[in-house]
Amino acid sequence: MTRILRWLALVLALAATPLAAQDATGADTALQPAEDGEALNYDDWERMAERAEAEVANRNSLTERLEEIRGQLAKWRAALLAAQSANSARIGTVRQQLDALGPAPAEGETEAEEISKRRQELAGQLVRLQAPGIAAEEAYRRANGLIAEIDRTQRDRQADQLLQLWPSPVNPANWPEAAIGLSDTLLRLWDEAATAWTDKRARAEFFDNMPLILVLLVVALALVVYVRRWVEQFSERLLSGASARGRDLWGLLASTGGVILPTLGMVALSAALMASGMPGEIGQSIIAELPLAGFMVFAAAWLGARAFPLTQAEDAVLPLPPERRAEGRFLSVLMGLIPAAEALRSAAMDAQAYSDATTAVMSFPILLTGGLILLRVGRVLRKSREQADRSYVLRLLFLLARGVSVIGFAGPVLAAFGYVQAASALIYPAILSLGLITLLFILQRMIGDAWALIVKSDDKGRDALVPVLVGFVMTLAALPVFALIWGARAADLTELWTRFSGGFQIGTTRISPTNFMVFAGIFVIGYMLTRLFQGALRNTILPKTSMDQGGQTALVAGVGYVGIFLAALVAVRSAGLDLSGLAIVAGALSVGIGFGLQNIVSNFISGVILLIERPVSEGDWIEVGGVQGVVKSISVRSTRIQTFDRNDVIVPNADLITGQVTNWTRFNLSGRLIVPVGVDFGSDTRKVERILREIAEAQPLAILKPPPIVALMGFSADAIQFEIRLILRDVNFSLAVRSEINHRIVERFAAEGIEIPFSQTDVSLRNVEEIARALTILQGKPVPKAGGGGPKSGLPKPTEPAAAKPPPPPEPVPNLKDESG
């Protein structure tokens, strides 16, 4: 527990201390690997490996001793890894010399004596050059295996320690022993102080340091009580003041004084107590923990004040009512007191080697209180979900609240059954993890406020891409800290980093993060140079040439493809990646990928053909697949066409190569316009032809050689059909010319008395009387007898009496006409 607390304190205080242990004995110093540039002493390595194997085989080896041996093995492993590449340049040269001599003769064949002799010399030289690397690789594998065995042993011991069953702290039979241990600790503290007071030299030193002690106590009191309150009031005034840009950022920075200054006050208090000379061994251990304990309490109070502020903003992460926020601040302070109390208990009692029952009973109240606090914190976090919509962050907080509640219940239960170490491994890391998560949220908001201050935008600052990326990187960087909090060893993290930095091997090719970073850096530089050269071509060089716009675009795009290819090639060579071993794998993958990406590859090849042959260029008016519009851009996969309705249509490049494409403006802007005209029957066709020709020849964009043609195309049901056919200098204006010609036709025809017909239909009805009689029957009226000279209706005779009065004659049916203009 103390190790976890120290790790978090170091992270939050932005301080770091070396973790590797150093051995001061002469034998250990002699067994250290050689410095850079010196040859490895394999005799020292052999002794080191034998000693490490003996320590691993000994079940009674101390954990600290195994960690020390592991640190030395890690140094040897790094040196052996570097030694594997010894003579690599010379080995490559010798192999090239052997390749220059050609393949060795087969059985029964001979070669020149001088070549055979030279081949043997080079082969022997190659064997001698490869010997150090082979020896280093064998030793490296041995060191790696020993480190793996030590790590496995340490993990097994850690698991056994967590599952260790102690006497139950709720058993009253264990309470007297714990009371004896507590009273013994207090008596020892009293005896240490009394012994120091009875010592004349210690008492004289106390009075001599009295002025310094008083000054330190006054400073501690001022920093812990008064200055801390002033900083909190100042930060609250900034937060509740006018909504100026950067107000939250400066308020947050000012509030950190509420952690730094009181912690310095605790340091002053510790210094005052140590200067008195009264504390003994136990007292000094407790005093040494006071700054750390105070830092945890002040940091928890600061985190609680930021997570549950007095004045809640509209975009608060935890939307809570005021009473819940007050409860959250109180629980935050209590969560800081729990690890602080455990640190002080450990400093006072662990060194006394009390029994497991005493430690379990003294630790249980702290664990029980911590579990209850976690349950309350989980309840408060769940309340935030009821106050707002279920956003992604609130859903994560709800899951976190459930996990905290489970730990708050399971920890005390385990401790009550005697699994005190397992309970400690749950409750204390959960409290520290909550603090670290809160710190990440606060730093994310601070970065967003800082970015808003930089870009001078209050609304988009926090949600911009840069703060989000920085927060993501910050979260990734916090993962090792979370691992340390939950019991991971620093050696485990360094081992993971070593394996990660070593990379992975595919065939004979090893790819490491260093290779990847070199590749990415060289490629980015090449890509940027390519873009700069493209910009210079597009804006400076090509506009001064006679090349058309489509050719300029094609040239710039081709330069971009070539530049990216060369950048990738140079990056691969600079990173030292040998991709020859991947040729078989790439060949196998290319078959499957080819089937899956054949359409994409087809479009890519078609795009290259379009850029080279240029049947279609940007700005052309084309028609393809029933789509008509202007080409706006041509990429490697598709072409973007803007229709005359201002809609963008994406057409695959393969359709432009394999399909039928009409290009109205590629090689010549001139084009033919056809305007159909209909006149009324009875019009003078020669006169109509003359008028239409005059109208066509009067158009400014019409080409007179060849002259416009007016043709009588035939006769329809309603009109005599003419067509005006003329060639325009710029077909892009065909719609405007058509409209102008139609306006002129209406004006001239009206002036010349020529009618433009419209479609109409005459409907004539036969046997009107019979239809009228049928309608009368349908209406239920009597039907008159057919008589006179009228036509016979063919209807049956009516059944009414003869004296019946005949019905009135039917109304005449009008002549129906269907007219449409």
# chains A, B, ... in the order shown; residues from 1 in each chain; ligands from 1

call {"tool": "select_by_dssp", "arguments": {"residues": "region 437-530 of chain A", "states": "strand (DSSP E)", "output": "list in words"}}
result
Phe504, Gln505, Ile506, Thr509, Arg510 and Ile511 of chain A

call {"tool": "residues_around", "arguments": {"residues": "Leu610 (chain A)", "least_positions_apart": "6", "cutoff": "8 Å", "atoms": "only C-alpha atoms", "output": "list in words"}}
result
Val616, Asn653 and Ile657 of chain A

call {"tool": "write_last_selection", "arguments": {"atoms": "N, CA and C atoms", "output": "mmCIF file, in the first residue's frame"}}
result
data_model
loop_
_atom_site.group_PDB
_atom_site.id
_atom_site.type_symbol
_atom_site.label_atom_id
_atom_site.label_comp_id
_atom_site.auth_asym_id
_atom_site.auth_seq_id
_atom_site.Cartn_x
_atom_site.Cartn_y
_atom_site.Cartn_z
ATOM 1 N N VAL A 616 -10.740 13.616 -71.166
ATOM 2 C CA VAL A 616 -11.616 14.472 -70.381
ATOM 3 C C VAL A 616 -10.734 15.274 -69.439
ATOM 4 N N ASN A 653 -13.973 6.230 -62.611
ATOM 5 C CA ASN A 653 -13.137 6.479 -63.789
ATOM 6 C C ASN A 653 -13.279 5.390 -64.836
ATOM 7 N N ILE A 657 -13.703 5.405 -69.230
ATOM 8 C CA ILE A 657 -12.795 4.741 -70.167
ATOM 9 C C ILE A 657 -13.534 3.685 -70.982
#

call {"tool": "residues_around", "arguments": {"residues": "region 700-712 of chain A", "least_positions_apart": "6", "cutoff": "9 Å", "atoms": "only C-alpha atoms", "output": "compact mmCIF listing (two decimals) with all heavy atoms, in the first residue's frame"}}
result
# COMPACT_ATOMS: atom_id res chain seq x y z
N SER A 670 -17.07 25.04 -80.49
CA SER A 670 -18.20 25.22 -81.39
C SER A 670 -19.07 23.97 -81.40
O SER A 670 -18.59 22.86 -81.23
CB SER A 670 -17.70 25.50 -82.81
OG SER A 670 -16.91 24.43 -83.28
N THR A 685 -44.83 28.99 -96.84
CA THR A 685 -43.62 28.32 -96.35
C THR A 685 -42.36 29.06 -96.77
O THR A 685 -41.36 29.07 -96.04
CB THR A 685 -43.58 26.88 -96.88
OG1 THR A 685 -43.66 26.89 -98.32
CG2 THR A 685 -44.77 26.07 -96.32
N GLU A 689 -39.56 30.43 -94.23
CA GLU A 689 -38.15 30.05 -94.33
C GLU A 689 -37.26 31.29 -94.34
O GLU A 689 -36.20 31.33 -93.71
CB GLU A 689 -37.95 29.23 -95.61
CG GLU A 689 -36.50 28.81 -95.81
CD GLU A 689 -36.33 28.00 -97.08
OE1 GLU A 689 -37.35 27.71 -97.76
OE2 GLU A 689 -35.17 27.67 -97.40
N ARG A 690 -37.67 32.34 -95.06
CA ARG A 690 -36.86 33.56 -95.12
C ARG A 690 -36.77 34.23 -93.75
O ARG A 690 -35.69 34.66 -93.34
CB ARG A 690 -37.49 34.51 -96.13
CG ARG A 690 -36.81 35.86 -96.22
CD ARG A 690 -37.46 36.71 -97.30
NE ARG A 690 -38.89 36.88 -97.09
CZ ARG A 690 -39.41 37.76 -96.21
NH1 ARG A 690 -38.63 38.52 -95.48
NH2 ARG A 690 -40.72 37.85 -96.09
N LEU A 692 -37.09 32.86 -90.76
CA LEU A 692 -36.28 32.06 -89.83
C LEU A 692 -34.79 32.20 -90.15
O LEU A 692 -33.94 32.22 -89.25
CB LEU A 692 -36.71 30.59 -89.88
CG LEU A 692 -38.14 30.30 -89.37
CD1 LEU A 692 -38.44 28.81 -89.49
CD2 LEU A 692 -38.30 30.75 -87.92
N ARG A 693 -34.45 32.27 -91.46
CA ARG A 693 -33.04 32.42 -91.82
C ARG A 693 -32.52 33.77 -91.34
O ARG A 693 -31.37 33.88 -90.86
CB ARG A 693 -32.87 32.26 -93.33
CG ARG A 693 -31.40 32.36 -93.76
CD ARG A 693 -31.23 32.12 -95.24
NE ARG A 693 -31.52 30.75 -95.60
CZ ARG A 693 -32.60 30.34 -96.24
NH1 ARG A 693 -33.53 31.26 -96.60
NH2 ARG A 693 -32.80 29.08 -96.52
N ILE A 720 -47.04 22.67 -89.68
CA ILE A 720 -45.94 22.43 -90.62
C ILE A 720 -44.65 22.60 -89.84
O ILE A 720 -44.43 23.64 -89.20
CB ILE A 720 -46.00 23.40 -91.80
CG1 ILE A 720 -47.37 23.31 -92.51
CG2 ILE A 720 -44.87 23.16 -92.76
CD1 ILE A 720 -47.55 24.35 -93.60
N GLN A 721 -43.78 21.57 -89.86
CA GLN A 721 -42.59 21.55 -89.02
C GLN A 721 -41.37 22.07 -89.79
O GLN A 721 -41.04 21.58 -90.88
CB GLN A 721 -42.32 20.12 -88.54
CG GLN A 721 -43.43 19.54 -87.68
CD GLN A 721 -43.59 20.31 -86.37
OE1 GLN A 721 -42.65 20.90 -85.86
NE2 GLN A 721 -44.82 20.30 -85.85
N PHE A 722 -40.70 23.10 -89.19
CA PHE A 722 -39.43 23.63 -89.68
C PHE A 722 -38.36 23.40 -88.61
O PHE A 722 -38.66 23.23 -87.41
CB PHE A 722 -39.53 25.13 -89.98
CG PHE A 722 -40.31 25.47 -91.20
CD1 PHE A 722 -41.70 25.60 -91.18
CD2 PHE A 722 -39.64 25.67 -92.41
CE1 PHE A 722 -42.40 25.92 -92.32
CE2 PHE A 722 -40.34 25.99 -93.55
CZ PHE A 722 -41.73 26.11 -93.50
N GLU A 723 -37.11 23.42 -89.02
CA GLU A 723 -35.97 23.36 -88.08
C GLU A 723 -34.92 24.37 -88.48
O GLU A 723 -34.59 24.49 -89.68
CB GLU A 723 -35.33 21.97 -88.07
CG GLU A 723 -36.05 20.97 -87.20
CD GLU A 723 -35.26 19.68 -87.05
OE1 GLU A 723 -34.14 19.61 -87.61
OE2 GLU A 723 -35.75 18.76 -86.37
N ILE A 724 -34.43 25.11 -87.47
CA ILE A 724 -33.29 26.01 -87.68
C ILE A 724 -32.05 25.30 -87.19
O ILE A 724 -31.97 24.90 -86.02
CB ILE A 724 -33.48 27.34 -86.91
CG1 ILE A 724 -34.78 28.03 -87.32
CG2 ILE A 724 -32.30 28.25 -87.11
CD1 ILE A 724 -35.07 29.29 -86.51
N ARG A 725 -31.10 25.12 -88.07
CA ARG A 725 -29.84 24.46 -87.72
C ARG A 725 -28.71 25.44 -87.95
O ARG A 725 -28.48 25.87 -89.08
CB ARG A 725 -29.64 23.20 -88.56
CG ARG A 725 -30.74 22.17 -88.35
CD ARG A 725 -30.41 20.86 -89.03
NE ARG A 725 -31.41 19.85 -88.78
CZ ARG A 725 -31.27 18.55 -89.09
NH1 ARG A 725 -30.15 18.14 -89.70
NH2 ARG A 725 -32.23 17.68 -88.81
N LEU A 726 -28.00 25.76 -86.84
CA LEU A 726 -26.88 26.69 -86.94
C LEU A 726 -25.76 26.21 -86.02
O LEU A 726 -26.01 25.49 -85.04
CB LEU A 726 -27.32 28.11 -86.56
CG LEU A 726 -27.69 28.39 -85.10
CD1 LEU A 726 -27.62 29.88 -84.83
CD2 LEU A 726 -29.08 27.88 -84.77
N ILE A 727 -24.55 26.63 -86.34
CA ILE A 727 -23.36 26.27 -85.56
C ILE A 727 -22.94 27.50 -84.75
O ILE A 727 -22.78 28.60 -85.30
CB ILE A 727 -22.22 25.81 -86.47
CG1 ILE A 727 -22.65 24.55 -87.23
CG2 ILE A 727 -20.96 25.53 -85.65
CD1 ILE A 727 -21.61 24.06 -88.22
N LEU A 728 -22.74 27.27 -83.42
CA LEU A 728 -22.36 28.34 -82.51
C LEU A 728 -20.86 28.31 -82.26
O LEU A 728 -20.22 27.24 -82.29
CB LEU A 728 -23.10 28.21 -81.18
CG LEU A 728 -24.63 28.22 -81.24
CD1 LEU A 728 -25.20 28.09 -79.84
CD2 LEU A 728 -25.14 29.49 -81.91
N ARG A 729 -20.30 29.49 -82.04
CA ARG A 729 -18.87 29.56 -81.71
C ARG A 729 -18.57 28.93 -80.35
O ARG A 729 -17.51 28.36 -80.15
CB ARG A 729 -18.42 31.02 -81.73
CG ARG A 729 -18.46 31.68 -83.09
CD ARG A 729 -17.82 33.06 -83.03
NE ARG A 729 -17.81 33.71 -84.33
CZ ARG A 729 -18.80 34.47 -84.78
NH1 ARG A 729 -19.86 34.69 -84.00
NH2 ARG A 729 -18.74 35.00 -85.99
N ASP A 730 -19.48 29.08 -79.40
CA ASP A 730 -19.29 28.53 -78.06
C ASP A 730 -20.58 27.83 -77.66
O ASP A 730 -21.61 28.47 -77.44
CB ASP A 730 -18.96 29.64 -77.05
CG ASP A 730 -18.47 29.09 -75.73
OD1 ASP A 730 -18.67 27.87 -75.48
OD2 ASP A 730 -17.87 29.85 -74.93
N PHE A 733 -23.11 28.52 -74.64
CA PHE A 733 -24.18 29.52 -74.64
C PHE A 733 -25.38 29.06 -75.46
O PHE A 733 -26.19 29.88 -75.89
CB PHE A 733 -23.67 30.85 -75.19
CG PHE A 733 -22.58 31.47 -74.36
CD1 PHE A 733 -21.24 31.24 -74.66
CD2 PHE A 733 -22.89 32.27 -73.27
CE1 PHE A 733 -20.24 31.80 -73.89
CE2 PHE A 733 -21.89 32.84 -72.51
CZ PHE A 733 -20.56 32.61 -72.82
N VAL A 737 -28.80 31.22 -76.54
CA VAL A 737 -29.08 31.47 -77.96
C VAL A 737 -30.45 30.90 -78.34
O VAL A 737 -31.23 31.52 -79.08
CB VAL A 737 -27.97 30.89 -78.84
CG1 VAL A 737 -28.32 31.01 -80.32
CG2 VAL A 737 -26.64 31.58 -78.54

call {"tool": "residues_around", "arguments": {"residues": "Ala305 (chain A)", "least_positions_apart": "3", "cutoff": "9 Å", "atoms": "only C-alpha atoms", "output": "PDB file with all heavy atoms, in the first residue's frame"}}
result
ATOM      1  N   ALA A 300      -6.927  15.646  -2.461  1.00  0.00           N
ATOM      2  CA  ALA A 300      -8.293  15.131  -2.543  1.00  0.00           C
ATOM      3  C   ALA A 300      -9.307  16.260  -2.387  1.00  0.00           C
ATOM      4  O   ALA A 300     -10.332  16.295  -3.083  1.00  0.00           O
ATOM      5  CB  ALA A 300      -8.502  14.062  -1.475  1.00  0.00           C
ATOM      6  N   ALA A 301      -9.038  17.194  -1.460  1.00  0.00           N
ATOM      7  CA  ALA A 301      -9.951  18.328  -1.289  1.00  0.00           C
ATOM      8  C   ALA A 301      -9.985  19.190  -2.549  1.00  0.00           C
ATOM      9  O   ALA A 301     -11.061  19.665  -2.972  1.00  0.00           O
ATOM     10  CB  ALA A 301      -9.514  19.155  -0.082  1.00  0.00           C
ATOM     11  N   TRP A 302      -8.832  19.385  -3.189  1.00  0.00           N
ATOM     12  CA  TRP A 302      -8.778  20.191  -4.413  1.00  0.00           C
ATOM     13  C   TRP A 302      -9.534  19.506  -5.555  1.00  0.00           C
ATOM     14  O   TRP A 302     -10.298  20.138  -6.288  1.00  0.00           O
ATOM     15  CB  TRP A 302      -7.328  20.429  -4.805  1.00  0.00           C
ATOM     16  CG  TRP A 302      -7.156  21.232  -6.048  1.00  0.00           C
ATOM     17  CD1 TRP A 302      -7.286  22.574  -6.187  1.00  0.00           C
ATOM     18  CD2 TRP A 302      -6.808  20.716  -7.352  1.00  0.00           C
ATOM     19  NE1 TRP A 302      -7.041  22.938  -7.493  1.00  0.00           N
ATOM     20  CE2 TRP A 302      -6.748  21.826  -8.220  1.00  0.00           C
ATOM     21  CE3 TRP A 302      -6.533  19.454  -7.842  1.00  0.00           C
ATOM     22  CZ2 TRP A 302      -6.429  21.684  -9.560  1.00  0.00           C
ATOM     23  CZ3 TRP A 302      -6.224  19.309  -9.180  1.00  0.00           C
ATOM     24  CH2 TRP A 302      -6.175  20.412 -10.020  1.00  0.00           C
ATOM     25  N   PHE A 308     -16.875  18.900  -7.874  1.00  0.00           N
ATOM     26  CA  PHE A 308     -18.172  19.302  -7.318  1.00  0.00           C
ATOM     27  C   PHE A 308     -18.089  20.771  -6.900  1.00  0.00           C
ATOM     28  O   PHE A 308     -18.026  21.084  -5.709  1.00  0.00           O
ATOM     29  CB  PHE A 308     -18.538  18.433  -6.109  1.00  0.00           C
ATOM     30  CG  PHE A 308     -18.444  16.955  -6.363  1.00  0.00           C
ATOM     31  CD1 PHE A 308     -17.334  16.232  -5.962  1.00  0.00           C
ATOM     32  CD2 PHE A 308     -19.467  16.294  -7.020  1.00  0.00           C
ATOM     33  CE1 PHE A 308     -17.245  14.875  -6.184  1.00  0.00           C
ATOM     34  CE2 PHE A 308     -19.386  14.931  -7.255  1.00  0.00           C
ATOM     35  CZ  PHE A 308     -18.276  14.217  -6.842  1.00  0.00           C
ATOM     36  N   PRO A 309     -18.055  21.702  -7.851  1.00  0.00           N
ATOM     37  CA  PRO A 309     -17.829  23.118  -7.514  1.00  0.00           C
ATOM     38  C   PRO A 309     -19.049  23.723  -6.826  1.00  0.00           C
ATOM     39  O   PRO A 309     -20.178  23.228  -6.922  1.00  0.00           O
ATOM     40  CB  PRO A 309     -17.580  23.763  -8.876  1.00  0.00           C
ATOM     41  CG  PRO A 309     -18.324  22.898  -9.839  1.00  0.00           C
ATOM     42  CD  PRO A 309     -18.233  21.504  -9.301  1.00  0.00           C
ATOM     43  N   LEU A 310     -18.790  24.836  -6.134  1.00  0.00           N
ATOM     44  CA  LEU A 310     -19.883  25.569  -5.511  1.00  0.00           C
ATOM     45  C   LEU A 310     -20.823  26.146  -6.557  1.00  0.00           C
ATOM     46  O   LEU A 310     -22.044  26.084  -6.433  1.00  0.00           O
ATOM     47  CB  LEU A 310     -19.314  26.683  -4.620  1.00  0.00           C
ATOM     48  CG  LEU A 310     -18.580  26.245  -3.347  1.00  0.00           C
ATOM     49  CD1 LEU A 310     -17.964  27.454  -2.661  1.00  0.00           C
ATOM     50  CD2 LEU A 310     -19.526  25.517  -2.410  1.00  0.00           C
ATOM     51  N   ARG A 325     -23.527  18.125  -4.544  1.00  0.00           N
ATOM     52  CA  ARG A 325     -22.156  18.615  -4.735  1.00  0.00           C
ATOM     53  C   ARG A 325     -21.471  18.822  -3.388  1.00  0.00           C
ATOM     54  O   ARG A 325     -20.275  18.530  -3.259  1.00  0.00           O
ATOM     55  CB  ARG A 325     -22.172  19.916  -5.539  1.00  0.00           C
ATOM     56  CG  ARG A 325     -22.721  19.760  -6.950  1.00  0.00           C
ATOM     57  CD  ARG A 325     -22.254  20.881  -7.864  1.00  0.00           C
ATOM     58  NE  ARG A 325     -22.636  22.183  -7.358  1.00  0.00           N
ATOM     59  CZ  ARG A 325     -23.786  22.796  -7.617  1.00  0.00           C
ATOM     60  NH1 ARG A 325     -24.695  22.180  -8.374  1.00  0.00           N
ATOM     61  NH2 ARG A 325     -24.054  24.000  -7.138  1.00  0.00           N
ATOM     62  N   GLY A 328     -20.423  15.523  -2.248  1.00  0.00           N
ATOM     63  CA  GLY A 328     -19.261  15.058  -3.006  1.00  0.00           C
ATOM     64  C   GLY A 328     -17.967  15.677  -2.508  1.00  0.00           C
ATOM     65  O   GLY A 328     -16.933  14.994  -2.418  1.00  0.00           O
ATOM     66  N   ARG A 329     -17.979  16.954  -2.175  1.00  0.00           N
ATOM     67  CA  ARG A 329     -16.766  17.592  -1.647  1.00  0.00           C
ATOM     68  C   ARG A 329     -16.374  16.984  -0.299  1.00  0.00           C
ATOM     69  O   ARG A 329     -15.185  16.757  -0.032  1.00  0.00           O
ATOM     70  CB  ARG A 329     -16.991  19.095  -1.515  1.00  0.00           C
ATOM     71  CG  ARG A 329     -17.108  19.821  -2.835  1.00  0.00           C
ATOM     72  CD  ARG A 329     -17.044  21.323  -2.660  1.00  0.00           C
ATOM     73  NE  ARG A 329     -18.171  21.828  -1.889  1.00  0.00           N
ATOM     74  CZ  ARG A 329     -19.340  22.198  -2.411  1.00  0.00           C
ATOM     75  NH1 ARG A 329     -19.530  22.093  -3.729  1.00  0.00           N
ATOM     76  NH2 ARG A 329     -20.327  22.653  -1.662  1.00  0.00           N
ATOM     77  N   SER A 332     -14.862  13.584  -0.859  1.00  0.00           N
ATOM     78  CA  SER A 332     -13.528  13.688  -1.442  1.00  0.00           C
ATOM     79  C   SER A 332     -12.474  13.882  -0.363  1.00  0.00           C
ATOM     80  O   SER A 332     -11.399  13.260  -0.402  1.00  0.00           O
ATOM     81  CB  SER A 332     -13.488  14.846  -2.441  1.00  0.00           C
ATOM     82  OG  SER A 332     -14.406  14.641  -3.491  1.00  0.00           O
TER      83      SER A 332
END

call {"tool": "residues_around", "arguments": {"residues": "region 624-638 of chain A", "least_positions_apart": "6", "cutoff": "9 Å", "atoms": "only C-alpha atoms", "output": "ChimeraX atom specification"}}
result
/A:553-554,557,600-608,610-611,616-618,644-646,648-656,659-663
